[in-house]
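Engineer: Pasting my_file14.csv here (CSV, C-alpha atoms):
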chain,number,residue,atom,x,y,z
A,1,MET,CA,92.2,97.7,57.5
A,2,GLU,CA,92.9,95.4,60.5
A,3,VAL,CA,95.4,92.7,59.7
A,4,CYS,CA,95.7,89.3,61.4
A,5,VAL,CA,98.6,86.9,60.6
A,6,ILE,CA,98.0,83.1,61.3
A,7,GLY,CA,101.1,80.9,62.0
A,8,THR,CA,100.8,77.3,60.8
A,9,ARG,CA,102.7,74.3,59.9
A,10,GLY,CA,103.1,73.6,56.1
A,11,SER,CA,101.6,70.1,55.8
A,12,PRO,CA,98.4,69.8,53.7
A,13,LEU,CA,96.3,69.1,56.7
A,14,ALA,CA,97.8,72.0,58.7
A,15,MET,CA,97.2,74.4,55.8
A,16,TRP,CA,93.6,73.2,55.5
A,17,GLN,CA,93.1,73.9,59.2
A,18,ALA,CA,94.7,77.3,59.0
A,19,ASP,CA,92.6,78.2,56.0
A,20,HIS,CA,89.5,77.0,57.7
A,21,VAL,CA,90.3,79.4,60.6
A,22,ARG,CA,91.1,82.2,58.1
A,23,ARG,CA,87.7,81.8,56.4
A,24,ALA,CA,85.9,81.6,59.7
A,25,LEU,CA,87.6,84.9,60.8
A,26,LEU,CA,86.6,86.6,57.5
A,27,GLU,CA,83.0,85.4,57.9
A,28,ALA,CA,82.9,86.8,61.4
A,29,HIS,CA,84.8,90.0,60.6
A,30,PRO,CA,84.3,90.9,56.9
A,31,GLY,CA,86.7,93.9,57.1
A,32,LEU,CA,89.6,91.9,58.4
A,33,GLU,CA,92.7,91.0,56.3
A,34,VAL,CA,94.0,87.6,57.2
A,35,ARG,CA,97.2,86.1,56.0
A,36,LEU,CA,98.9,82.7,56.6
A,37,GLU,CA,102.6,82.4,57.6
A,38,VAL,CA,104.1,78.9,57.3
A,39,ILE,CA,106.5,77.9,60.0
A,40,ARG,CA,108.6,74.7,60.1
A,41,THR,CA,108.5,72.8,63.4
A,42,THR,CA,110.9,70.3,64.8
A,43,GLY,CA,108.4,67.5,64.0
A,44,ASP,CA,108.4,68.6,60.4
A,45,VAL,CA,112.1,68.7,60.0
A,46,LEU,CA,113.0,65.5,61.8
A,47,LEU,CA,110.8,63.0,60.0
A,48,GLU,CA,112.4,59.7,60.9
A,49,PRO,CA,113.0,59.5,64.7
A,50,PRO,CA,110.1,58.4,66.9
A,51,LEU,CA,108.4,61.4,68.6
A,52,ALA,CA,109.7,60.2,72.0
A,53,LYS,CA,113.3,60.8,70.8
A,54,ILE,CA,112.8,64.4,69.6
A,55,GLY,CA,110.8,65.7,72.5
A,56,GLY,CA,107.3,64.3,72.4
A,57,MET,CA,104.6,66.9,73.1
A,58,GLY,CA,105.4,70.3,71.6
A,59,VAL,CA,107.4,69.1,68.6
A,60,PHE,CA,104.7,70.3,66.2
A,61,THR,CA,103.9,73.5,68.1
A,62,LYS,CA,106.9,75.1,69.8
A,63,GLU,CA,108.3,77.1,66.9
A,64,ILE,CA,104.9,78.4,66.1
A,65,GLU,CA,104.4,79.5,69.7
A,66,ASN,CA,107.8,81.2,69.6
A,67,ALA,CA,106.8,83.2,66.5
A,68,LEU,CA,103.6,84.2,68.3
A,69,LEU,CA,105.5,85.4,71.4
A,70,LYS,CA,107.9,87.3,69.2
A,71,ARG,CA,104.9,89.0,67.5
A,72,GLN,CA,105.8,87.6,64.1
A,73,VAL,CA,102.3,86.2,63.9
A,74,ASP,CA,99.1,87.1,65.7
A,75,VAL,CA,97.4,83.7,65.9
A,76,ALA,CA,98.7,80.1,66.0
A,77,VAL,CA,96.5,77.3,64.7
A,78,HIS,CA,97.1,73.8,66.0
A,79,SER,CA,95.6,70.3,66.1
A,80,LEU,CA,94.6,70.4,69.8
A,81,LYS,CA,96.0,66.9,70.3
A,82,ASP,CA,99.5,68.3,69.5
A,83,LEU,CA,99.3,71.1,72.0
A,84,PRO,CA,100.9,70.5,75.4
A,85,THR,CA,98.5,70.7,78.3
A,86,GLN,CA,100.6,73.4,79.9
A,87,LEU,CA,100.7,76.4,77.5
A,88,ALA,CA,103.8,78.5,77.3
A,89,ASP,CA,103.8,81.6,79.5
A,90,GLY,CA,102.2,84.6,77.8
A,91,LEU,CA,99.8,82.5,75.7
A,92,ARG,CA,96.2,81.3,76.0
A,93,LEU,CA,93.6,79.5,74.0
A,94,ALA,CA,91.3,82.0,72.3
A,95,ALA,CA,89.1,79.4,70.7
A,96,VAL,CA,88.5,75.7,70.3
A,97,LEU,CA,86.6,75.1,67.1
A,98,LYS,CA,83.7,72.6,66.8
A,99,ARG,CA,85.1,69.1,66.8
A,100,GLU,CA,85.4,66.9,63.7
A,101,ASP,CA,84.9,63.1,64.2
A,102,PRO,CA,87.3,62.2,67.1
A,103,ALA,CA,87.6,58.5,66.2
A,104,ASP,CA,90.5,56.6,64.9
A,105,ALA,CA,90.3,55.0,61.5
A,106,LEU,CA,91.5,51.6,60.2
A,107,VAL,CA,92.8,51.8,56.6
A,108,ALA,CA,93.2,48.2,55.5
A,109,ARG,CA,93.7,46.2,52.3
A,110,ASP,CA,90.7,44.5,50.8
A,111,GLY,CA,88.3,46.5,53.0
A,112,ARG,CA,89.0,44.4,56.0
A,113,SER,CA,87.9,45.3,59.6
A,114,LEU,CA,90.2,45.0,62.6
A,115,THR,CA,88.7,41.6,63.5
A,116,GLN,CA,89.2,40.4,59.9
A,117,LEU,CA,92.9,41.1,59.7
A,118,PRO,CA,94.8,37.8,59.4
A,119,ALA,CA,96.9,36.5,62.3
A,120,GLY,CA,100.4,38.0,62.3
A,121,ALA,CA,99.4,40.9,60.0
A,122,LYS,CA,101.5,44.0,60.1
A,123,VAL,CA,99.8,47.3,61.1
A,124,LEU,CA,101.5,50.7,60.7
A,125,THR,CA,101.2,53.5,63.3
A,126,GLY,CA,103.3,56.2,64.8
A,127,SER,CA,101.2,56.4,68.0
A,128,LEU,CA,101.9,54.5,71.2
A,129,ARG,CA,98.3,55.0,72.2
A,130,ARG,CA,97.1,53.3,69.1
A,131,GLN,CA,99.7,50.6,69.3
A,132,ALA,CA,98.7,49.6,72.9
A,133,GLN,CA,95.0,49.5,72.2
A,134,LEU,CA,95.5,47.6,69.0
A,135,LEU,CA,97.7,44.9,70.7
A,136,HIS,CA,95.3,44.7,73.6
A,137,ARG,CA,92.6,43.7,71.2
A,138,ARG,CA,94.8,41.7,68.8
A,139,PRO,CA,98.0,40.6,70.5
A,140,ASP,CA,98.7,38.4,67.5
A,141,LEU,CA,99.3,41.4,65.2
A,142,LYS,CA,102.7,43.0,64.5
A,143,VAL,CA,103.0,46.8,64.9
A,144,ALA,CA,105.5,48.8,62.8
A,145,GLN,CA,106.3,52.5,63.5
A,146,MET,CA,105.6,55.1,60.8
A,147,ARG,CA,105.6,58.9,60.8
A,148,GLY,CA,104.8,61.6,58.2
A,149,ASN,CA,101.8,63.7,57.1
A,150,VAL,CA,98.6,62.0,56.2
A,151,GLN,CA,99.3,61.6,52.5
A,152,THR,CA,102.9,60.5,53.1
A,153,ARG,CA,101.7,57.8,55.4
A,154,LEU,CA,99.1,56.6,53.0
A,155,ASP,CA,101.7,56.5,50.2
A,156,LYS,CA,104.1,54.6,52.5
A,157,PHE,CA,101.3,52.1,53.4
A,158,ASP,CA,100.4,51.6,49.7
A,159,GLN,CA,104.0,50.7,48.9
A,160,SER,CA,104.5,48.5,52.0
A,161,ASP,CA,103.8,44.9,52.9
A,162,ALA,CA,101.6,46.0,55.8
A,163,SER,CA,98.0,44.8,55.9
A,164,ALA,CA,96.6,48.0,57.6
A,165,MET,CA,97.4,51.3,59.2
A,166,LEU,CA,95.7,53.6,61.8
A,167,LEU,CA,95.0,57.3,61.2
A,168,ALA,CA,92.6,59.9,62.6
A,169,CYS,CA,89.2,60.1,60.9
A,170,ALA,CA,89.3,63.9,61.2
A,171,GLY,CA,92.4,64.3,59.1
A,172,LEU,CA,91.2,62.0,56.4
A,173,ALA,CA,87.8,63.8,56.3
A,174,ARG,CA,89.4,67.2,56.1
A,175,LEU,CA,91.5,66.1,53.1
A,176,ASP,CA,88.6,64.4,51.4
A,177,LEU,CA,90.2,61.0,51.9
A,178,SER,CA,87.4,59.4,54.0
A,179,ASP,CA,87.0,56.8,51.2
A,180,ARG,CA,90.2,55.2,52.5
A,181,ILE,CA,88.6,54.3,55.8
A,182,THR,CA,87.7,50.6,56.0
A,183,GLU,CA,86.5,50.8,59.7
A,184,ARG,CA,85.7,53.6,62.1
A,185,LEU,CA,86.8,52.6,65.6
A,186,ASP,CA,84.3,53.6,68.2
A,187,PRO,CA,85.9,56.4,70.2
A,188,ALA,CA,84.1,55.4,73.4
A,189,ASP,CA,85.9,52.0,73.1
A,190,PHE,CA,89.1,52.6,71.1
A,191,LEU,CA,90.0,55.9,72.8
A,192,PRO,CA,91.4,58.8,70.8
A,193,ALA,CA,94.2,61.2,71.8
A,194,CYS,CA,93.1,63.9,74.1
A,195,GLY,CA,91.6,66.7,71.9
A,196,GLN,CA,91.7,64.6,68.7
A,197,GLY,CA,89.5,66.1,66.0
A,198,ALA,CA,89.5,69.6,67.5
A,199,MET,CA,91.4,72.7,66.3
A,200,ALA,CA,92.9,75.1,68.7
A,201,VAL,CA,93.4,78.9,68.2
A,202,GLU,CA,96.2,80.2,70.4
A,203,VAL,CA,96.9,83.9,71.0
A,204,ARG,CA,99.1,86.1,73.2
A,205,ALA,CA,97.5,86.5,76.6
A,206,ASP,CA,97.8,90.3,76.4
A,207,ASP,CA,96.3,90.6,72.9
A,208,ALA,CA,92.7,91.5,73.6
A,209,ARG,CA,92.2,92.7,70.0
A,210,VAL,CA,93.0,89.4,68.4
A,211,ALA,CA,91.3,87.4,71.2
A,212,GLU,CA,88.1,89.3,70.4
A,213,PHE,CA,88.4,88.5,66.7
A,214,CYS,CA,88.7,84.8,67.6
A,215,ARG,CA,85.9,84.6,70.2
A,216,ALA,CA,83.2,83.9,67.6
A,217,LEU,CA,85.1,80.7,66.5
A,218,ASP,CA,84.8,79.1,70.0
A,219,ASP,CA,82.5,76.1,70.4
A,220,ARG,CA,81.6,75.7,74.0
A,221,ALA,CA,80.6,72.0,74.0
A,222,THR,CA,83.9,71.1,72.3
A,223,ARG,CA,86.0,73.3,74.6
A,224,LEU,CA,84.4,71.8,77.8
A,225,ALA,CA,84.8,68.2,76.5
A,226,THR,CA,88.4,68.6,75.5
A,227,THR,CA,89.2,70.6,78.6
A,228,ALA,CA,88.2,67.5,80.6
A,229,GLU,CA,90.3,65.3,78.4
A,230,ARG,CA,93.4,67.5,78.7
A,231,ALA,CA,92.9,67.8,82.4
A,232,PHE,CA,92.9,64.0,82.7
A,233,LEU,CA,96.1,63.9,80.6
A,234,ALA,CA,97.8,66.6,82.7
A,235,ALA,CA,96.8,65.0,86.0
A,236,LEU,CA,98.5,61.8,84.9
A,237,GLY,CA,101.6,63.6,83.6
A,238,GLY,CA,101.3,62.0,80.2
A,239,GLY,CA,102.1,63.1,76.7
A,240,CYS,CA,103.3,61.5,73.5
A,241,LEU,CA,105.5,59.1,75.5
A,242,ALA,CA,102.6,57.2,77.2
A,243,PRO,CA,99.6,55.3,75.8
A,244,ILE,CA,96.9,57.5,77.3
A,245,GLY,CA,93.6,58.2,75.6
A,246,ALA,CA,90.4,60.0,76.6
A,247,TYR,CA,87.0,60.9,75.1
A,248,GLY,CA,84.5,63.4,76.5
A,249,ARG,CA,81.0,63.6,75.2
A,250,SER,CA,77.5,64.7,76.1
A,251,PRO,CA,75.1,61.8,75.5
A,252,ALA,CA,72.2,62.9,73.2
A,253,GLY,CA,69.4,64.5,75.1
A,254,GLN,CA,71.2,64.3,78.5
A,255,GLU,CA,72.5,67.3,80.4
A,256,LYS,CA,75.8,65.7,81.5
A,257,LEU,CA,79.4,65.1,80.4
A,258,ALA,CA,80.7,61.6,80.2
A,259,LEU,CA,84.5,61.1,80.2
A,260,THR,CA,86.2,57.9,79.4
A,261,GLY,CA,90.0,57.5,80.0
A,262,MET,CA,92.6,54.8,79.3
A,263,VAL,CA,96.1,53.9,80.3
A,264,ALA,CA,97.9,50.9,78.9
A,265,ARG,CA,101.2,49.1,78.7
A,266,LEU,CA,103.0,49.5,75.4
A,267,ASP,CA,102.4,45.9,74.5
A,268,GLY,CA,98.7,46.0,75.4
A,269,SER,CA,99.1,43.3,78.0
A,270,ARG,CA,97.4,45.5,80.6
A,271,LEU,CA,94.8,48.2,79.9
A,272,ILE,CA,92.9,50.2,82.4
A,273,GLN,CA,89.8,52.0,81.1
A,274,ARG,CA,87.0,53.7,83.1
A,275,THR,CA,84.3,56.3,82.7
A,276,VAL,CA,83.1,59.0,85.0
A,277,GLU,CA,80.1,61.4,84.5
A,278,SER,CA,79.0,64.7,85.9
A,279,ALA,CA,76.3,67.2,85.3
A,280,ALA,CA,76.9,69.4,82.3
A,281,PRO,CA,79.9,71.6,83.3
A,282,LYS,CA,79.0,75.2,83.9
A,283,SER,CA,82.7,76.3,83.5
A,284,GLU,CA,86.1,75.1,82.5
A,285,SER,CA,87.0,74.5,86.1
A,286,ASP,CA,84.1,72.0,86.3
A,287,ALA,CA,85.5,70.2,83.3
A,288,VAL,CA,89.0,70.2,84.8
A,289,ALA,CA,87.6,68.7,88.0
A,290,LEU,CA,86.0,65.8,86.0
A,291,GLY,CA,89.3,65.1,84.3
A,292,GLU,CA,91.2,65.1,87.5
A,293,ARG,CA,88.6,62.8,89.1
A,294,LEU,CA,89.0,60.3,86.3
A,295,ALA,CA,92.8,60.4,86.6
A,296,GLU,CA,92.6,59.8,90.3
A,297,ARG,CA,90.3,56.7,89.7
A,298,LEU,CA,92.7,55.2,87.2
A,299,ARG,CA,95.7,56.0,89.4
A,300,ALA,CA,94.0,54.1,92.2
A,301,GLU,CA,93.6,51.1,89.9
A,302,GLY,CA,97.2,50.9,88.8
A,303,ALA,CA,97.8,53.6,86.2
A,304,GLU,CA,100.7,55.0,88.2
A,305,GLU,CA,102.5,51.7,88.1
A,306,ILE,CA,102.1,51.4,84.3
A,307,LEU,CA,103.3,55.0,83.7
A,308,ARG,CA,106.4,54.5,85.9
A,309,GLU,CA,107.2,51.3,84.0
A,310,ILE,CA,106.9,53.1,80.6
A,311,ALA,CA,108.9,56.1,81.8
A,312,SER,CA,111.7,53.8,83.0
A,313,LYS,CA,111.8,51.9,79.7
A,314,SER,CA,111.7,55.1,77.7
A,315,ALA,CA,114.6,56.6,79.6
A,316,THR,CA,116.7,53.5,79.1
A,317,THR,CA,115.9,53.5,75.3
A,318,LEU,CA,116.8,57.2,75.0
A,319,ARG,CA,120.1,56.6,76.8
A,320,GLU,CA,121.0,53.7,74.7
A,321,GLY,CA,120.0,55.3,71.4
A,322,PRO,CA,118.8,53.5,68.3
Rewrite the structure of this file - the entire thing - as structure tokens.
Structural biologist:
Amino acid sequence: MEVCVIGTRGSPLAMWQADHVRRALLEAHPGLEVRLEVIRTTGDVLLEPPLAKIGGMGVFTKEIENALLKRQVDVAVHSLKDLPTQLADGLRLAAVLKREDPADALVARDGRSLTQLPAGAKVLTGSLRRQAQLLHRRPDLKVAQMRGNVQTRLDKFDQSDASAMLLACAGLARLDLSDRITERLDPADFLPACGQGAMAVEVRADDARVAEFCRALDDRATRLATTAERAFLAALGGGCLAPIGAYGRSPAGQEKLALTGMVARLDGSRLIQRTVESAAPKSESDAVALGERLAERLRAEGAEEILREIASKSATTLREGP
């Protein structure tokens, strides 16, 4: 019997995602034996420091990728938004599964929406992207940093004096916690992280056997949209350290791909957001070209200046320490 070992983080959401891939593989290949191998990542071990201080992009994926390269596992399952735009040498994406809702969610007390939060209210988030967009819309709010898995963050919120918190709709839906959402933030306006809501299946570049197992899991529309988003992020040189968001989608009944991207200051005082469109991409290279075109447009409108300013502040903060 053929055996396939999936490497995954151990959080409830990561385990849900890995098991979803396991079940999809078994459905596509009934004779296959699929096992899960839990791997602790830097992001799971260091729970308190901001992501910027422990490495940013890759802190939830590097150890799993290393296990893949060492042939300890055959497949790595990630939230696509956590995966660096430049994959490690010797690895490739075998599949990007059909996307769950890419939107961000507001979880607020008393069922309030973003506009209904009282002036000066505290909102919890561990994302600079969410922080910048939140403050752009509501500069009167106070943002407090918070990390942890989905349930941990919900528990911390429930025990805090905060009025609201921001999470991804996809994670809440996968854990049957959608009832905690008090407002879904339109992803075409409040932009998600690049790849948010999508799951990535990574394999060794030279492993044709496992790549063939995973091919049936790939969703072409999701792959093309998220490829454009990740190309936009890569072209701007961004990651966890910068408030960058993007959302690619094909409007209903239209043979085209629309891509909206955003770059903002950390305090939300300046936000650049634009949309470009193209005919439906025929290949990943077409999607990459769309992402790069959007990045060039934002760069021409001042994105480079914002990113340099953020990089300078981040470097100073890292040198000075907490």
Engineer: At a cut-off of 12 Å, using all atoms listed in the file, what residues contact Ile306 of chain A? Leave out same-chain residues fewer than 2 positions from it and give the result as a list in words.
Structural biologist: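 My list of contacting residues is Leu236, Gly238, Ala242, Pro243, Ile244, Met262, Val263, Ala264, Arg265, Leu266, Asp267, Gly268, Ser269, Arg270, Leu271, Ile272, Leu298, Arg299, Ala300, Glu301, Gly302, Ala303, Glu304, Arg308, Glu309, Ile310, Ala311, Ser312 and Lys313 of chain A.
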Engineer: Neighbouring residues of segment 116-127 of chain A were defined as those with any atom within 8 Å, considering only C-alpha atoms; residues of the same chain fewer than 4 positions away were excluded. Please report them as a list of chain:residue names.
Structural biologist: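 So, after excluding close chain neighbours, the residues are A:Pro50, A:Arg112, A:Gln131, A:Asp140, A:Leu141, A:Lys142, A:Val143, A:Ala144, A:Gln145, A:Met146, A:Arg147, A:Phe157, A:Asp161, A:Ala162, A:Ser163, A:Ala164, A:Met165, A:Leu166, A:Leu167, A:Cys240.
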Engineer: So how far away is atom CA of Gly171 of chain A from atom CA of Asp110 of chain A, in Å?
Structural biologist: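 Computed distance, atom CA of Asp110 of chain A to atom CA of Gly171 of chain A, equals 21.5 Å.
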Engineer: For Gly261 of chain A, please output as a list in words all residues within 9 Å (counting only C-alpha atoms; exclusion window: fewer than 3 positions along the same chain).
Structural biologist: Leu191, Glu229, Phe232, Leu233, Ile244, Gly245, Ala246, Tyr247, Gly248, Ile272, Gln273, Arg274, Thr275, Val276, Gly291, Leu294, Ala295 and Leu298 of chain A
Engineer: Considering only C-alpha atoms, return as a list in words whatever protein or nucleic-acid residues lie within 12 Å of Val210 of chain A, sequence-local ones (same chain, fewer than 6 positions apart) excluded.
Structural biologist: Glu2, Val3, Cys4, Val5, Ile6, Leu25, His29, Leu32, Val34, Leu68, Arg71, Val73, Asp74, Val75, Ala76, Arg92, Leu93, Ala94, Ala95, Val201, Glu202, Val203, Arg204, Ala216 and Leu217 of chain A
Engineer: In terms of the shortest atom-to-atom distance over all atoms listed in the file, which of A:Leu69, A:Met199, A:Ile64, A:Leu172 is closest to Asp19 of chain A?
Structural biologist: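 Of A:Leu69, A:Met199, A:Ile64, A:Leu172, the one nearest Asp19 of chain A, counting all atoms listed in the file, is A:Met199.
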Engineer: Which of these residues is nearest to Ala208 of chain A, using only C-alpha atoms: A:Leu91, A:Cys194, A:Pro102, A:Leu257?
Structural biologist: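 The answer is A:Leu91, which sits nearest to Ala208 of chain A.
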Engineer: Just to confirm, what's the straight-line distance from atom CA of Gly10 of chain A to atom CA of Glu37 of chain A in Å (one decimal)?
Structural biologist: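 We find that atom CA of Gly10 of chain A and atom CA of Glu37 of chain A lie 8.9 Å from each other.
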Engineer: Here is a test: counting only C-alpha atoms, which residue of A:Gln86, A:Ser11, A:Thr115, A:Ser178 is nearest to Ala234 of chain A?
Structural biologist: A:Gln86
